[in-house]
Amino acid sequence: MKAVRFTVDPRPIELGGGYIAKLFDADDIELAGGVFSLAEFADSEDPDTEAYSTAYNWASDELQYL
């Protein structure tokens, strides 16, 4: 199946914050996903922005390969 859309949603702070990216097919079945926690970007000036942009870039890049 080919991925046709993606989402990037906030991850609960009690799970480490950050974002969850998911790829979906035309039937709205999840094909892939990734977690981008704030801890991964703790050394950044703005961990929230870094986590979001990394999740967004991952999802948009993966969209073309699935």
# chains A, B, ... in the order shown; residues from 1 in each chain; ligands from 1

call {"tool": "residues_around", "arguments": {"residues": "Gly16 of chain A", "least_positions_apart": "4", "cutoff": "12 Å", "atoms": "only C-alpha atoms", "output": "ChimeraX atom specification"}}
result
/A:10-12,20,35-42,47-48,51

call {"tool": "select_by_dssp", "arguments": {"residues": "chain A", "states": "helix (DSSP H, G or I)", "output": "VMD selection string"}}
result
chain A and resid 13 to 15 38 to 41 47 to 63

call {"tool": "closest_residue", "arguments": {"among": "A:Trp58, A:Tyr19, A:Tyr65, A:Tyr52", "to": "Ala3 of chain A", "atoms": "only C-alpha atoms"}}
result
A:Tyr65

call {"tool": "residues_around", "arguments": {"residues": "Thr7 of chain A", "least_positions_apart": "2", "cutoff": "9 Å", "atoms": "only C-alpha atoms", "output": "ChimeraX atom specification"}}
result
/A:5,9,20-24,56,59

call {"tool": "write_last_selection", "arguments": {"atoms": "N, CA, C and O atoms", "output": "PDB file, in the first residue's frame"}}
result
ATOM      1  N   ARG A   5      -1.042  10.099   3.379  1.00  0.00           N
ATOM      2  CA  ARG A   5      -1.070  11.261   4.267  1.00  0.00           C
ATOM      3  C   ARG A   5      -0.296  10.942   5.532  1.00  0.00           C
ATOM      4  O   ARG A   5       0.009   9.788   5.818  1.00  0.00           O
ATOM      5  N   ASP A   9       1.470  14.634  15.790  1.00  0.00           N
ATOM      6  CA  ASP A   9       0.684  15.017  16.959  1.00  0.00           C
ATOM      7  C   ASP A   9       1.555  15.118  18.199  1.00  0.00           C
ATOM      8  O   ASP A   9       2.549  14.383  18.323  1.00  0.00           O
ATOM      9  N   ILE A  20       4.554  12.532  17.869  1.00  0.00           N
ATOM     10  CA  ILE A  20       4.375  11.218  17.251  1.00  0.00           C
ATOM     11  C   ILE A  20       3.984  11.461  15.797  1.00  0.00           C
ATOM     12  O   ILE A  20       3.008  12.168  15.526  1.00  0.00           O
ATOM     13  N   ALA A  21       4.749  10.906  14.884  1.00  0.00           N
ATOM     14  CA  ALA A  21       4.448  11.020  13.458  1.00  0.00           C
ATOM     15  C   ALA A  21       3.908   9.679  12.975  1.00  0.00           C
ATOM     16  O   ALA A  21       4.427   8.626  13.345  1.00  0.00           O
ATOM     17  N   LYS A  22       2.855   9.722  12.152  1.00  0.00           N
ATOM     18  CA  LYS A  22       2.254   8.502  11.607  1.00  0.00           C
ATOM     19  C   LYS A  22       1.954   8.681  10.131  1.00  0.00           C
ATOM     20  O   LYS A  22       1.553   9.762   9.701  1.00  0.00           O
ATOM     21  N   LEU A  23       2.127   7.595   9.374  1.00  0.00           N
ATOM     22  CA  LEU A  23       1.798   7.568   7.951  1.00  0.00           C
ATOM     23  C   LEU A  23       0.589   6.662   7.749  1.00  0.00           C
ATOM     24  O   LEU A  23       0.510   5.586   8.349  1.00  0.00           O
ATOM     25  N   PHE A  24      -0.340   7.083   6.891  1.00  0.00           N
ATOM     26  CA  PHE A  24      -1.572   6.337   6.652  1.00  0.00           C
ATOM     27  C   PHE A  24      -1.777   6.090   5.161  1.00  0.00           C
ATOM     28  O   PHE A  24      -1.358   6.894   4.328  1.00  0.00           O
ATOM     29  N   TYR A  56       8.178  16.079  11.465  1.00  0.00           N
ATOM     30  CA  TYR A  56       7.556  16.499  10.215  1.00  0.00           C
ATOM     31  C   TYR A  56       8.414  16.091   9.018  1.00  0.00           C
ATOM     32  O   TYR A  56       7.910  15.544   8.033  1.00  0.00           O
ATOM     33  N   ALA A  59       8.324  12.279   8.465  1.00  0.00           N
ATOM     34  CA  ALA A  59       7.053  11.829   7.876  1.00  0.00           C
ATOM     35  C   ALA A  59       6.942  12.232   6.408  1.00  0.00           C
ATOM     36  O   ALA A  59       6.549  11.422   5.566  1.00  0.00           O
TER      37      ALA A  59
END

call {"tool": "select_by_dssp", "arguments": {"residues": "chain A", "states": "strand (DSSP E or B)", "output": "number ranges by chain"}}
result
A: 3-10, 19-25, 30-36

call {"tool": "atom_distance", "arguments": {"atom1": "atom CA of Gln64 of chain A", "atom2": "atom CA of Phe6 of chain A"}}
result
11.0 Å

call {"tool": "closest_residue", "arguments": {"among": "A:Glu14, A:Val8, A:Lys2, A:Ala26", "to": "Asn57 of chain A", "atoms": "only C-alpha atoms"}}
result
A:Val8

call {"tool": "atom_distance", "arguments": {"atom1": "atom CA of Leu31 of chain A", "atom2": "atom CA of Ile13 of chain A"}}
result
24.7 Å

call {"tool": "atom_distance", "arguments": {"atom1": "atom CA of Glu62 of chain A", "atom2": "atom CA of Asp25 of chain A"}}
result
12.4 Å
